[in-house]
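Containing CSV, C-alpha atoms: protein09.csv.
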chain,number,residue,atom,x,y,z
A,254,MET,CA,-25.1,-70.9,32.7
A,255,HIS,CA,-22.1,-70.0,30.5
A,256,GLU,CA,-22.7,-66.4,31.5
A,257,VAL,CA,-20.1,-67.0,34.3
A,258,SER,CA,-17.5,-67.9,31.6
A,259,VAL,CA,-18.5,-64.9,29.6
A,260,ALA,CA,-18.3,-62.6,32.7
A,261,GLN,CA,-14.8,-63.9,33.4
A,262,GLU,CA,-13.7,-63.3,29.8
A,263,LEU,CA,-15.0,-59.8,30.0
A,264,LEU,CA,-13.2,-59.1,33.3
A,265,SER,CA,-9.9,-60.5,31.9
A,266,GLN,CA,-10.3,-58.2,28.9
A,267,ILE,CA,-10.8,-55.1,30.9
A,268,ILE,CA,-7.9,-56.0,33.2
A,269,ALA,CA,-5.6,-56.4,30.2
A,270,GLN,CA,-6.7,-52.9,29.0
A,271,LYS,CA,-6.0,-51.0,32.2
A,272,PRO,CA,-3.8,-48.0,31.5
A,273,ARG,CA,-0.9,-47.6,33.9
A,274,ASP,CA,-2.2,-44.4,35.4
A,275,ALA,CA,-5.8,-45.6,36.0
A,276,LYS,CA,-6.7,-46.0,39.6
A,277,ARG,CA,-9.9,-48.0,39.1
A,278,ALA,CA,-12.5,-48.9,36.5
A,279,ARG,CA,-15.9,-47.1,36.9
A,280,PHE,CA,-18.1,-48.4,34.1
A,281,VAL,CA,-17.8,-50.9,31.4
A,282,SER,CA,-20.2,-50.8,28.5
A,283,ILE,CA,-21.1,-53.8,26.3
A,284,SER,CA,-23.7,-54.8,23.8
A,285,VAL,CA,-25.5,-58.1,23.8
A,286,GLY,CA,-27.4,-59.2,20.8
A,287,ALA,CA,-30.7,-61.1,21.2
A,288,LEU,CA,-29.2,-63.9,19.1
A,289,SER,CA,-25.8,-63.9,20.9
A,290,GLY,CA,-26.8,-66.8,23.1
A,291,VAL,CA,-26.2,-64.7,26.3
A,292,ASP,CA,-28.9,-63.8,28.8
A,293,CYS,CA,-28.4,-60.2,30.0
A,294,GLU,CA,-29.8,-60.7,33.5
A,295,ALA,CA,-27.7,-63.8,34.0
A,296,LEU,CA,-24.6,-62.0,32.8
A,297,ARG,CA,-25.3,-59.0,35.1
A,298,THR,CA,-25.6,-61.4,38.1
A,299,ALA,CA,-22.5,-63.4,37.1
A,300,PHE,CA,-20.4,-60.2,36.6
A,301,ASP,CA,-21.5,-58.9,40.0
A,302,LEU,CA,-20.6,-62.1,41.7
A,303,ILE,CA,-17.2,-63.1,40.2
A,304,GLU,CA,-14.1,-62.2,42.2
A,305,LYS,CA,-12.3,-59.1,41.0
A,306,PRO,CA,-9.0,-57.4,41.8
A,307,ARG,CA,-9.4,-54.3,44.0
A,308,ALA,CA,-9.3,-51.7,41.1
A,309,PHE,CA,-12.3,-53.5,39.5
A,310,GLU,CA,-14.3,-54.2,42.6
A,311,HIS,CA,-16.9,-51.4,42.0
A,312,VAL,CA,-17.0,-51.4,38.3
A,313,ARG,CA,-20.6,-51.1,36.9
A,314,LEU,CA,-21.8,-53.0,33.9
A,315,LYS,CA,-23.8,-51.1,31.3
A,316,ILE,CA,-25.5,-53.4,28.8
A,317,ARG,CA,-27.0,-52.3,25.6
A,318,GLU,CA,-29.5,-55.0,24.4
A,319,VAL,CA,-29.4,-55.2,20.6
A,320,PRO,CA,-32.6,-56.5,18.9
A,321,ILE,CA,-32.4,-58.7,15.8
A,322,THR,CA,-32.4,-56.9,12.5
A,323,ILE,CA,-33.1,-58.8,9.3
A,324,HIS,CA,-32.7,-57.8,5.8
A,325,CYS,CA,-35.8,-58.7,3.7
A,326,ALA,CA,-34.6,-59.5,0.1
A,327,HIS,CA,-38.1,-59.2,-1.2
A,328,CYS,CA,-38.9,-55.7,0.2
A,329,ASP,CA,-35.2,-54.7,0.0
A,330,LYS,CA,-35.1,-53.2,3.5
A,331,ASP,CA,-33.8,-53.8,7.0
A,332,ILE,CA,-36.4,-54.6,9.7
A,333,GLU,CA,-36.0,-54.7,13.4
A,334,LEU,CA,-37.8,-57.5,15.2
A,335,HIS,CA,-39.3,-57.0,18.6
A,336,ASP,CA,-39.5,-59.9,21.0
A,337,SER,CA,-39.4,-62.4,18.3
A,338,PHE,CA,-36.9,-64.9,16.9
A,339,ILE,CA,-39.0,-65.7,13.8
A,340,LEU,CA,-36.9,-64.4,11.0
A,341,ARG,CA,-39.8,-63.4,8.7
A,342,CYS,CA,-40.5,-60.1,7.2
A,343,PRO,CA,-43.5,-58.6,9.1
A,344,ASP,CA,-44.7,-57.0,5.8
A,345,CYS,CA,-44.4,-59.8,3.2
A,346,ALA,CA,-43.9,-62.8,5.5
A,347,MET,CA,-40.8,-63.9,3.5
A,348,ARG,CA,-38.1,-65.6,5.5
A,349,ALA,CA,-34.8,-63.7,5.8
A,350,THR,CA,-31.5,-65.4,5.6
A,351,VAL,CA,-29.5,-62.2,6.3
A,352,VAL,CA,-29.3,-61.1,9.9
A,353,THR,CA,-27.7,-57.6,9.9
A,354,SER,CA,-27.4,-57.3,13.7
A,355,GLY,CA,-28.4,-59.1,16.9
A,356,THR,CA,-25.7,-61.8,17.0
A,357,GLU,CA,-23.0,-59.5,18.6
A,358,LEU,CA,-21.4,-59.8,22.0
A,359,LEU,CA,-19.1,-56.8,22.2
A,360,LEU,CA,-17.0,-54.9,24.7
A,361,HIS,CA,-17.3,-51.2,23.8
A,362,THR,CA,-15.8,-48.9,26.3
A,363,VAL,CA,-14.3,-48.7,29.8
A,364,GLN,CA,-14.4,-45.6,31.9
A,365,TRP,CA,-11.4,-45.2,34.2
A,366,GLU,CA,-10.8,-43.0,37.2
A,367,THR,CA,-7.2,-41.6,37.1
B,1156,MET,CA,-10.5,-37.1,40.1
B,1157,THR,CA,-10.3,-37.4,36.3
B,1158,LYS,CA,-12.4,-39.7,34.2
B,1159,ASN,CA,-11.2,-41.2,31.0
B,1160,THR,CA,-13.3,-43.3,28.6
B,1161,GLN,CA,-11.4,-45.8,26.6
B,1162,THR,CA,-12.9,-47.2,23.5
B,1163,ILE,CA,-12.1,-50.9,23.0
B,1164,PHE,CA,-14.7,-52.4,20.7
B,1165,GLN,CA,-13.8,-56.0,20.5
B,1166,PRO,CA,-15.8,-59.3,20.9
B,1167,ILE,CA,-16.0,-60.4,24.5
B,1168,LEU,CA,-15.2,-64.0,23.5
B,1169,SER,CA,-12.3,-62.8,21.3
B,1170,SER,CA,-9.8,-65.1,23.0
B,1171,ASN,CA,-11.9,-68.1,22.2
B,1172,LYS,CA,-12.3,-66.8,18.6
B,1173,GLU,CA,-8.5,-66.5,18.2
B,1174,ILE,CA,-7.9,-70.1,19.3
B,1175,ALA,CA,-10.8,-71.2,17.1
B,1176,SER,CA,-9.4,-69.6,14.0
B,1177,ARG,CA,-6.0,-71.1,14.7
B,1178,LEU,CA,-7.6,-74.5,14.9
B,1179,ARG,CA,-9.6,-73.9,11.7
B,1180,ASN,CA,-6.4,-73.0,9.9
B,1181,GLN,CA,-4.8,-76.3,11.2
B,1182,PHE,CA,-7.8,-78.3,10.1
B,1183,ARG,CA,-7.7,-76.7,6.6
B,1184,LYS,CA,-4.0,-77.2,6.3
B,1185,HIS,CA,-4.5,-81.0,6.9
B,1186,ASN,CA,-7.7,-81.0,4.9
B,1187,VAL,CA,-9.8,-82.5,7.7
B,1188,PRO,CA,-13.5,-81.7,7.9
B,1189,VAL,CA,-14.6,-81.1,11.5
B,1190,VAL,CA,-18.2,-81.4,12.6
B,1191,ASN,CA,-19.4,-79.9,15.8
B,1192,ILE,CA,-22.6,-81.8,16.9
B,1193,VAL,CA,-24.8,-80.0,19.4
B,1194,SER,CA,-28.2,-81.0,20.9
B,1195,SER,CA,-30.1,-81.5,24.1
B,1196,PRO,CA,-29.1,-84.5,26.3
B,1197,GLY,CA,-30.7,-87.7,25.0
B,1198,SER,CA,-31.3,-86.8,21.4
B,1199,GLY,CA,-28.9,-89.5,20.2
B,1200,LYS,CA,-25.6,-87.8,19.5
B,1201,THR,CA,-23.4,-90.7,20.8
B,1202,GLU,CA,-25.4,-93.4,19.0
B,1203,LEU,CA,-25.4,-91.5,15.7
B,1204,ILE,CA,-21.7,-90.8,15.9
B,1205,THR,CA,-21.0,-94.4,16.7
B,1206,VAL,CA,-23.0,-95.7,13.6
B,1207,LEU,CA,-21.5,-93.0,11.3
B,1208,ALA,CA,-18.0,-94.0,12.5
B,1209,GLN,CA,-18.8,-97.7,11.9
B,1210,LYS,CA,-20.0,-96.9,8.4
B,1211,LEU,CA,-17.0,-94.6,7.6
B,1212,ILE,CA,-14.5,-97.1,8.9
B,1213,SER,CA,-16.0,-99.9,6.8
B,1214,GLN,CA,-15.4,-97.6,3.8
B,1215,GLY,CA,-11.7,-97.5,4.8
B,1216,LYS,CA,-11.9,-94.0,6.4
B,1217,LYS,CA,-10.1,-92.9,9.5
B,1218,VAL,CA,-12.3,-91.3,12.1
B,1219,SER,CA,-11.4,-89.3,15.2
B,1220,VAL,CA,-13.9,-88.2,17.8
B,1221,ILE,CA,-13.8,-85.7,20.6
B,1222,VAL,CA,-16.5,-86.1,23.2
B,1223,GLY,CA,-17.5,-83.6,25.9
B,1224,ASP,CA,-19.4,-84.4,29.0
B,1225,LEU,CA,-19.6,-83.0,32.5
B,1226,ALA,CA,-18.4,-86.3,33.9
B,1227,THR,CA,-17.4,-90.0,33.0
B,1228,GLU,CA,-15.6,-91.7,30.1
B,1229,ARG,CA,-18.8,-93.6,29.1
B,1230,ASP,CA,-19.4,-91.9,25.7
B,1231,ALA,CA,-15.8,-92.2,24.5
B,1232,GLU,CA,-15.9,-95.9,25.5
B,1233,ARG,CA,-19.1,-96.5,23.5
B,1234,ILE,CA,-17.7,-94.7,20.5
B,1235,ARG,CA,-14.3,-96.5,20.6
B,1236,LYS,CA,-16.2,-99.8,20.0
B,1237,SER,CA,-16.8,-98.6,16.4
B,1238,GLY,CA,-13.1,-98.6,15.8
B,1239,ALA,CA,-12.8,-94.8,15.9
B,1240,THR,CA,-10.1,-93.0,17.9
B,1241,ALA,CA,-11.9,-91.1,20.7
B,1242,PHE,CA,-10.9,-88.7,23.4
B,1243,GLN,CA,-13.2,-87.8,26.3
B,1244,ILE,CA,-13.2,-84.2,27.6
B,1245,LYS,CA,-14.5,-84.1,31.1
B,1246,THR,CA,-15.6,-80.5,31.7
B,1247,ASN,CA,-16.2,-80.9,35.4
B,1248,GLY,CA,-19.4,-79.0,35.4
B,1249,THR,CA,-18.8,-76.6,32.5
B,1250,CYS,CA,-21.9,-76.6,30.3
B,1251,HIS,CA,-20.1,-76.3,26.9
B,1252,LEU,CA,-16.9,-77.1,25.0
B,1253,ASP,CA,-14.6,-74.2,24.1
B,1254,ALA,CA,-11.8,-73.9,21.6
B,1255,ARG,CA,-9.1,-74.2,24.3
B,1256,MET,CA,-10.5,-77.6,25.3
B,1257,ILE,CA,-10.4,-78.8,21.7
B,1258,GLU,CA,-6.8,-77.6,21.3
B,1259,SER,CA,-5.8,-79.6,24.3
B,1260,ALA,CA,-7.8,-82.6,23.2
B,1261,LEU,CA,-6.0,-82.7,19.9
B,1262,THR,CA,-2.7,-83.4,21.7
B,1263,HIS,CA,-4.3,-86.6,23.0
B,1264,LEU,CA,-5.7,-87.7,19.7
B,1265,PRO,CA,-2.9,-89.6,17.9
B,1266,SER,CA,-2.4,-88.6,14.2
B,1267,TRP,CA,-5.7,-86.6,13.9
B,1268,GLU,CA,-3.9,-84.9,11.0
B,1269,HIS,CA,-4.4,-88.1,8.9
B,1270,ALA,CA,-8.1,-88.5,9.9
B,1271,ASP,CA,-10.7,-88.3,7.1
B,1272,ILE,CA,-13.1,-86.6,9.6
B,1273,ILE,CA,-13.1,-85.3,13.2
B,1274,MET,CA,-16.5,-85.4,14.9
B,1275,ILE,CA,-16.9,-83.3,18.1
B,1276,GLU,CA,-19.8,-84.3,20.4
B,1277,ASN,CA,-20.5,-81.2,22.4
B,1278,VAL,CA,-22.0,-81.3,25.9
B,1279,GLY,CA,-25.7,-82.0,25.8
B,1280,ASN,CA,-27.1,-78.5,26.1
B,1281,LEU,CA,-29.2,-76.4,23.7
B,1282,VAL,CA,-28.1,-73.1,25.1
B,1283,CYS,CA,-24.4,-72.5,26.0
B,1284,PRO,CA,-22.6,-74.3,23.1
B,1285,ALA,CA,-24.1,-71.8,20.7
B,1286,SER,CA,-21.7,-69.0,21.7
B,1287,TYR,CA,-18.5,-71.0,21.3
B,1288,ASP,CA,-16.7,-71.4,18.0
B,1289,LEU,CA,-14.6,-74.6,18.1
B,1290,GLY,CA,-12.9,-74.1,14.7
B,1291,GLU,CA,-15.3,-76.5,13.1
B,1292,SER,CA,-16.1,-76.6,9.4
B,1293,LEU,CA,-19.7,-77.6,10.0
B,1294,ARG,CA,-22.1,-77.2,13.0
B,1295,VAL,CA,-24.9,-79.7,13.1
B,1296,VAL,CA,-27.8,-79.4,15.5
B,1297,LEU,CA,-29.5,-82.7,16.3
B,1298,MET,CA,-33.2,-82.7,17.1
B,1299,SER,CA,-34.9,-86.0,17.9
B,1300,VAL,CA,-38.5,-86.7,17.0
B,1301,THR,CA,-39.2,-87.5,20.6
B,1302,GLU,CA,-38.5,-83.9,21.6
B,1303,GLY,CA,-41.5,-82.4,19.8
B,1304,GLU,CA,-41.7,-80.1,16.9
B,1305,ASP,CA,-41.4,-76.8,18.8
B,1306,LYS,CA,-37.8,-77.2,20.1
B,1307,PRO,CA,-36.4,-74.6,17.5
B,1308,LEU,CA,-38.9,-72.0,18.8
B,1309,LYS,CA,-37.8,-72.5,22.3
B,1310,TYR,CA,-34.0,-72.6,21.6
B,1311,PRO,CA,-33.7,-70.4,18.5
B,1312,THR,CA,-30.0,-69.3,19.0
B,1313,ILE,CA,-28.4,-72.8,18.7
B,1314,PHE,CA,-30.5,-73.5,15.6
B,1315,HIS,CA,-29.5,-70.2,14.1
B,1316,SER,CA,-25.8,-70.8,14.8
B,1317,SER,CA,-25.8,-74.1,13.0
B,1318,GLN,CA,-25.6,-74.9,9.3
B,1319,VAL,CA,-27.3,-78.3,9.3
B,1320,CYS,CA,-30.2,-79.9,11.3
B,1321,PHE,CA,-30.4,-83.6,11.6
B,1322,ILE,CA,-33.8,-84.9,12.7
B,1323,SER,CA,-32.8,-88.0,14.6
B,1324,LYS,CA,-34.7,-91.2,15.7
B,1325,ALA,CA,-36.8,-90.9,12.6
B,1326,ASP,CA,-37.9,-94.6,13.1
B,1327,LEU,CA,-39.9,-93.4,16.1
B,1328,SER,CA,-41.8,-90.7,14.1
B,1329,ASP,CA,-45.1,-92.5,13.9
B,1330,ALA,CA,-45.0,-93.7,17.5
B,1331,CYS,CA,-44.5,-90.1,18.7
B,1332,GLY,CA,-47.0,-88.6,16.3
B,1333,PHE,CA,-44.2,-86.4,15.0
B,1334,ASP,CA,-45.3,-83.8,12.5
B,1335,ARG,CA,-42.3,-83.4,10.2
B,1336,ARG,CA,-43.9,-80.5,8.2
B,1337,GLU,CA,-44.5,-78.5,11.4
B,1338,ALA,CA,-41.0,-79.2,12.6
B,1339,GLU,CA,-39.5,-78.0,9.4
B,1340,LYS,CA,-41.6,-74.9,9.4
B,1341,ASN,CA,-40.4,-74.1,13.0
B,1342,ILE,CA,-36.7,-74.9,12.1
B,1343,LEU,CA,-36.8,-72.6,9.0
B,1344,ASP,CA,-38.6,-69.8,10.8
B,1345,VAL,CA,-35.7,-69.4,13.3
B,1346,ALA,CA,-32.9,-70.5,10.9
B,1347,PRO,CA,-34.0,-70.1,7.2
B,1348,HIS,CA,-30.5,-71.1,6.0
B,1349,LEU,CA,-30.5,-74.6,7.6
B,1350,ASN,CA,-30.2,-77.7,5.6
B,1351,ILE,CA,-32.5,-80.3,7.1
B,1352,LEU,CA,-32.0,-84.1,6.9
B,1353,SER,CA,-33.8,-87.0,8.6
B,1354,CYS,CA,-32.0,-90.0,10.0
B,1355,SER,CA,-32.2,-93.0,12.2
B,1356,ALA,CA,-29.1,-94.6,13.8
B,1357,LYS,CA,-31.3,-97.7,14.3
B,1358,THR,CA,-32.6,-98.4,10.8
B,1359,GLY,CA,-29.8,-96.7,8.9
B,1360,GLU,CA,-32.2,-94.3,7.2
B,1361,GLY,CA,-30.5,-91.2,5.9
B,1362,LEU,CA,-27.0,-92.1,7.0
B,1363,ASP,CA,-25.5,-92.2,3.5
B,1364,GLU,CA,-26.7,-88.6,2.9
B,1365,LEU,CA,-25.3,-87.5,6.2
B,1366,ILE,CA,-21.9,-89.0,5.4
B,1367,GLU,CA,-21.9,-87.3,2.0
B,1368,LEU,CA,-22.7,-84.0,3.7
B,1369,VAL,CA,-20.2,-84.2,6.6
B,1370,LEU,CA,-17.3,-85.4,4.3
B,1371,ARG,CA,-17.8,-82.5,1.8
B,1372,LYS,CA,-14.6,-80.6,1.7
B,1373,GLN,CA,-15.6,-77.7,-0.4
B,1374,ASP,CA,-16.8,-76.0,2.8
B,1375,LEU,CA,-13.3,-76.1,4.3

What would the structure in this file look like if it were written as structure tokens?
Amino acid sequence: MHEVSVAQELLSQIIAQKPRDAKRARFVSISVGALSGVDCEALRTAFDLIEKPRAFEHVRLKIREVPITIHCAHCDKDIELHDSFILRCPDCAMRATVVTSGTELLLHTVQWET
Amino acid sequence: MTKNTQTIFQPILSSNKEIASRLRNQFRKHNVPVVNIVSSPGSGKTELITVLAQKLISQGKKVSVIVGDLATERDAERIRKSGATAFQIKTNGTCHLDARMIESALTHLPSWEHADIIMIENVGNLVCPASYDLGESLRVVLMSVTEGEDKPLKYPTIFHSSQVCFISKADLSDACGFDRREAEKNILDVAPHLNILSCSAKTGEGLDELIELVLRKQDL
């Protein structure tokens, strides 16, 4: 359950970004790759449960789940994988060593109420 | 009420990444290879580190080890018997090591700068350590033959985040009916880049190859 640590890191980051004139944070949007090692549901629960300063009490977490995209060197194209961690091209079955997305764990935007 | 959307676009674990890159620079500066060893509990991390340390020390090398566990000093005590310098991190319930813990452990490891290798034994867990860069030059995932061939399919992320996979307890392969070909197929399906080696801390099988691999400095 390292999602609690991840949730705490996320909260510290948005606290550090708070503009002086902002009253409170409304939404925070992040992206979580299928290969990031973070479980979205566990992160959502952890983020809801951790203690937050008053201006962050009601902040809502919007998570964009990013599927794995591999680059097949044989077919020379990018392919999105659905519900699978097998890094093989669905067309030619070749294994792909290049993962072009799906490993990210990113904070994108924060919406503030001023 | 006015609403303002601020674009930030930075990794959520950026503070860990910053410390990890600071550590990596220090390790490079002192030319010390650092191996982060991850696996499930009971796959033989401590025993493998102990015999590797013994072998390295008998070759005149200096070995430092950082061990992470939720509780107790037991593993560091076992490893110290090899002659290695070892520091135990007690995480008090945290399921992984992070870069900050390594930075603080280094202050307790006398003259790590002169070590020929630093081995980090991560907390036994095949999930959480995957997300935390420790500044290592090599991440090794250990998978013992007693765990079955399908471990990589169940825990793909940790295999994908590693560069090398050691199949440990190879001496028990026959007793467990371990199918090496099937295991390799599963490992490469989730992590096609992985270098796979077999070893046994008990019989010594594969240890020389492991040592050659972990000491390689061109990766630094």

Would you mind listing, as a short mmCIF file (atom, residue, chain, number, x, y, z; two decimals) with C-alpha atoms, keeping the file's coordinate frame, all residues of chain B that have at least one atom within 8 Å of chain A, where all atoms listed in the file are what counts?
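Output file selection.cif is given in full below:
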data_model
loop_
_atom_site.label_atom_id
_atom_site.label_comp_id
_atom_site.auth_asym_id
_atom_site.auth_seq_id
_atom_site.Cartn_x
_atom_site.Cartn_y
_atom_site.Cartn_z
CA MET B 1156 -10.50 -37.10 40.10
CA THR B 1157 -10.30 -37.40 36.30
CA LYS B 1158 -12.40 -39.70 34.20
CA ASN B 1159 -11.20 -41.20 31.00
CA THR B 1160 -13.30 -43.30 28.60
CA GLN B 1161 -11.40 -45.80 26.60
CA THR B 1162 -12.90 -47.20 23.50
CA ILE B 1163 -12.10 -50.90 23.00
CA PHE B 1164 -14.70 -52.40 20.70
CA GLN B 1165 -13.80 -56.00 20.50
CA PRO B 1166 -15.80 -59.30 20.90
CA ILE B 1167 -16.00 -60.40 24.50
CA LEU B 1168 -15.20 -64.00 23.50
CA THR B 1249 -18.80 -76.60 32.50
CA CYS B 1250 -21.90 -76.60 30.30
CA HIS B 1251 -20.10 -76.30 26.90
CA VAL B 1282 -28.10 -73.10 25.10
CA CYS B 1283 -24.40 -72.50 26.00
CA ALA B 1285 -24.10 -71.80 20.70
CA SER B 1286 -21.70 -69.00 21.70
CA LEU B 1308 -38.90 -72.00 18.80
CA PRO B 1311 -33.70 -70.40 18.50
CA THR B 1312 -30.00 -69.30 19.00
CA ILE B 1313 -28.40 -72.80 18.70
CA LEU B 1343 -36.80 -72.60 9.00
CA ASP B 1344 -38.60 -69.80 10.80
CA VAL B 1345 -35.70 -69.40 13.30
CA ALA B 1346 -32.90 -70.50 10.90
CA PRO B 1347 -34.00 -70.10 7.20
CA HIS B 1348 -30.50 -71.10 6.00
#

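The spacing separating atom CA of B:Ser1317 from atom CA of B:Val1295 amounts to 5.7 Å.
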
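Distance check against B:Gln1181 using all atoms listed in the file: of B:Glu1339, B:Asp1305, B:Glu1364, B:Glu1258, the minimum falls on B:Glu1258.
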
Checklist entry - Interatomic distance between atom CA of B:Gly1361 and atom CA of B:Asn1186? => result 25.0 Å

Checklist entry - Hey, what's within 10 Å of B:Thr1201 if we count only C-alpha atoms and toss same-chain stuff fewer than 6 positions away? As a PyMOL selection string, please? => result chain B and resi 1192+1207+1222+1229-1231+1233-1234+1276+1356

Next on the checklist: I'd like the neighbourhood of B:Ala1270 as a PyMOL selection string, where a residue qualifies if any of its atoms comes within 9 Å (using only C-alpha atoms), though same-chain residues fewer than 5 positions away should be ignored.
Outcome noted: chain B and resi 1185+1187-1188+1216-1219

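Taking only C-alpha atoms into account, B:His1315 lies nearest to B:Leu1349 out of the set B:Leu1349, B:Ala1330, B:Leu1368, B:Met1274.
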
Next on the checklist: Residues within 9 Å of A:Cys328, please, as number ranges by chain. Count all atoms listed in the file; anything in the same chain fewer than 6 positions from it doesn't count.
Outcome noted: A: 342, 344-345

Next on the checklist: With only C-alpha atoms as the counted atoms, please give the residues lying no more than 12 Å from B:Ser1328, apart from itself and same-chain residues fewer than 3 positions off, as a VMD selection string.
Outcome noted: chain B and resid 1299 to 1304 1322 to 1325 1331 to 1336 1338 1353 to 1355

Next on the checklist: Need the shell around B:Phe1242: protein/DNA/RNA residues with any atom at most 10 Å away, counting all atoms listed in the file. Skip same-chain ones fewer than 4 positions apart. Format as a list in words?
Outcome noted: Ser1219, Val1220, Ile1221, Val1222, Gly1223, Glu1228, Asp1230, Ala1231, Glu1232, Ile1234, Arg1235, Ala1260, Leu1261, Thr1262, His1263, Leu1264, Pro1265 and Ile1275 of chain B

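Across the model, the gap from atom CA of B:Ala1175 to atom CA of B:Lys1200 is 22.4 Å.
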